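Structure, as structure tokens:
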Amino acid sequence: MKCIILLGAPGAGKGTVAADLAEQTQFLHVSTGDILREAVKQGTAVGLEAKSYMEAGDLVPDEVIAKLVRERLAAGGADDRYMFDGFPRTLKQAELLDSVISDMEGELLSVFLLEVTDDVVISRLTGRRVCKKCGAVYHVTNIPPKVEGVCDKCGGELYQRTDDTETTVRNRLDVYSAQTSDLIGHYDSLKLLEKVDADQGKDLVEREIIRCLEDLESRQ
Ligand code: AP5
């Protein structure tokens, strides 16, 4: 198992980049946020536990995330390549990932830090719209669908996430600074961190990451 991590504040564009890269590379997109939202929708025990944390913009406890990630990876094969979006989010989760990688004799190839300013985050998240049916992500002005409120890919209805209000987004930014930004120093000290200017348009962001992945590939 080989993997990369997309690290960055809420709204940095991790999910958008991951969805596009999953079509262009062999990396499978694993988003703990998407897994949790599905659990909430299905009303599972994990969903019931996670719901209030997510609505407030707080982190779901590490033990819940550990269980979800272990289950997701156990369902895959030894040769799978994963692109983690929104995981790990705490040093404890980073330790968990290290131990899973070592159990599977895998490798963490690189950690892409999508750097974005707070103003850009607020405008991106308050304007984000997501397809109810296939999960495709749009933005009302930056990346609009062809027909307002309708998904280009599947015709599904677009909705606004309940945690995309300005108050909750501001709390998510505080939570990121307090609990997730420690990971930047952690991965930098392991010489795995690649910084990407994520204020720029998505095509440029993706081009930069793909160039790094090609470099990595050529060195393997
Ligand atoms: P999660 O779903 O992971 O949310 P997040 O990290 O807050 O990230 P977002 O999905 O909001 O942003 P993104 O970076 O993916 O941006 P996107 O590509 O959509 O987590 C939600 C909640 O679940 C958490 O708050 C927590 O409660 C819980 N959770 C999840 N994982 C957890 C974990 N590991 N541990 C504990 N709790 C966990 O883009 C945003 C918008 O900008 C879109 O509208 C998009 O169209 C637009 N856009 C994207 N890129 C660009 C660009 N380059 N230029 C212009 N517009 C762009």
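The way I read the labels, and the way they are meant: chains A, B, ... in the order of the structure tokens, residue 1 as the first residue of every chain, and ligand 1 as the first ligand shown, with later ones counted on from there.
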Worksheet item: If you count only C-alpha atoms, which residues fall within 10 Å of A:Ala9, apart from same-chain ones fewer than 5 positions away, as a PyMOL selection string?
Response: chain A and resi 14+86+113-118+121+172-177+180-181
As a PyMOL selection string, which residues of chain A does DSSP assign to helix (DSSP H, G or I)? chain A and resi 14-24+32-42+45-56+62-74+91-103+118-126+166-180+182-189+202-219
* Leaving out A:Gln220 and any residue of its chain fewer than 5 positions from it, which residues lie within 10 Å of it when counting only C-alpha atoms, given as a PyMOL selection string? -> chain A and resi 109+214-215
| message | Between atom CA of A:Lys146 and atom CA of A:Arg128, what distance in Å does the model show, to one decimal? | response |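 A separation of 14.8 Å between them.
Among the candidates A:Glu49, A:Glu217, A:Glu194, A:Asp79, the one nearest to A:Glu63 when counting only C-alpha atoms is A:Glu49.
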Open item on the list: Just want the 12 Å neighbourhood of A:Asp119, counted on only C-alpha atoms, with same-chain residues fewer than 6 positions away dropped. Output as a count of residues only.
Closed with: 11
| said: Which residue is closest to ligand 1? Choose from A:Ser102, A:Thr167, A:Asn142, A:Gln179 and count only C-alpha atoms and all ligand atoms. | reply: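 Using only C-alpha atoms and all ligand atoms, the shortest distance to ligand 1 belongs to A:Asn142.
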- Message: Could you check the closest approach to ligand 1 for each of A:Arg161, A:Arg37, A:Lys202, A:Arg207 and tell me which residue wins, using only C-alpha atoms and all ligand atoms?
- Response: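 Looking at the shortest contact to ligand 1, the residue is A:Lys202.
Using only C-alpha atoms, the shortest contact distance between A:Ile5 and any of A:Ala18, A:Leu216, A:Leu73, A:Leu190 is found at A:Ala18.
Nearest to A:His139 of all the residues A:Val205, A:Gln26, A:Gln160, A:Gly155 is A:Gln160, counting only C-alpha atoms.
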*asked:* Let's see if you can do this: from backbone DSSP, list all strand (DSSP E or B) residues in stretch 34-132 of chain A, as a ChimeraX atom specification.
replied: /A:81-85,107-115,128-131
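Proximity ranking of A:Leu36, A:Ile209, A:Val196, A:Leu68 relative to ligand 1 places A:Leu36 first, based on only C-alpha atoms and all ligand atoms.
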Expressed in Å, the length from atom CA of A:Ile122 to atom CA of A:Ala198 is 13.9 Å
### Message
So that I can see what lies close to A:Leu193, please list as a PyMOL selection string the residues with an atom at most 12 Å from it, counting only C-alpha atoms and leaving out residues fewer than 5 positions away in the same chain.
### Response
chain A and resi 4-8+108-115+183-188+209+212
Go ahead and write the selection's residues with C-alpha atoms as a PDB file, in the first residue's frame.
ATOM      1  CA  ILE A   4      -0.251  10.444  -0.206  1.00  0.00           C
ATOM      2  CA  ILE A   5      -1.976  12.950   2.073  1.00  0.00           C
ATOM      3  CA  LEU A   6      -3.766  16.143   1.064  1.00  0.00           C
ATOM      4  CA  LEU A   7      -3.412  18.418   4.074  1.00  0.00           C
ATOM      5  CA  GLY A   8      -4.917  21.873   4.417  1.00  0.00           C
ATOM      6  CA  LEU A 108       3.773   7.320   2.762  1.00  0.00           C
ATOM      7  CA  LEU A 109       5.092   8.971  -0.405  1.00  0.00           C
ATOM      8  CA  SER A 110       4.312  12.622   0.152  1.00  0.00           C
ATOM      9  CA  VAL A 111       2.145  15.116   2.040  1.00  0.00           C
ATOM     10  CA  PHE A 112       0.777  17.993  -0.037  1.00  0.00           C
ATOM     11  CA  LEU A 113      -0.003  21.067   2.037  1.00  0.00           C
ATOM     12  CA  LEU A 114      -2.644  23.146   0.272  1.00  0.00           C
ATOM     13  CA  GLU A 115      -1.983  26.662   1.579  1.00  0.00           C
ATOM     14  CA  LEU A 183       0.943  18.066  11.393  1.00  0.00           C
ATOM     15  CA  ILE A 184       2.725  20.574   9.158  1.00  0.00           C
ATOM     16  CA  GLY A 185       5.828  20.572  11.391  1.00  0.00           C
ATOM     17  CA  HIS A 186       5.548  16.832  11.891  1.00  0.00           C
ATOM     18  CA  TYR A 187       5.634  15.984   8.175  1.00  0.00           C
ATOM     19  CA  ASP A 188       8.126  18.750   7.403  1.00  0.00           C
ATOM     20  CA  ILE A 209       0.644  18.131  -7.574  1.00  0.00           C
ATOM     21  CA  CYS A 212       5.404  16.257  -7.987  1.00  0.00           C
TER      22      CYS A 212
END
Separation of atom CA of A:Leu96 from atom CA of A:Gly15 in Å:
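Interatomic distance here is 21.7 Å.
Every protein or nucleic acid residue with an atom no more than 6 Å from A:Leu158, counting only C-alpha atoms and leaving out same-chain residues fewer than 5 positions away, appears here: Arg129, Val130, Cys131, Lys132, Gly149 and Val150 of chain A.
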Would you list the contacts of A:Leu97 as an MDAnalysis selection string, taking every protein, DNA or RNA residue within 12 Å and counting only C-alpha atoms, but skipping same-chain residues closer than 3 positions in sequence? chainID A and resid 1:5 62 65:70 73 82 84 87:94 100:108
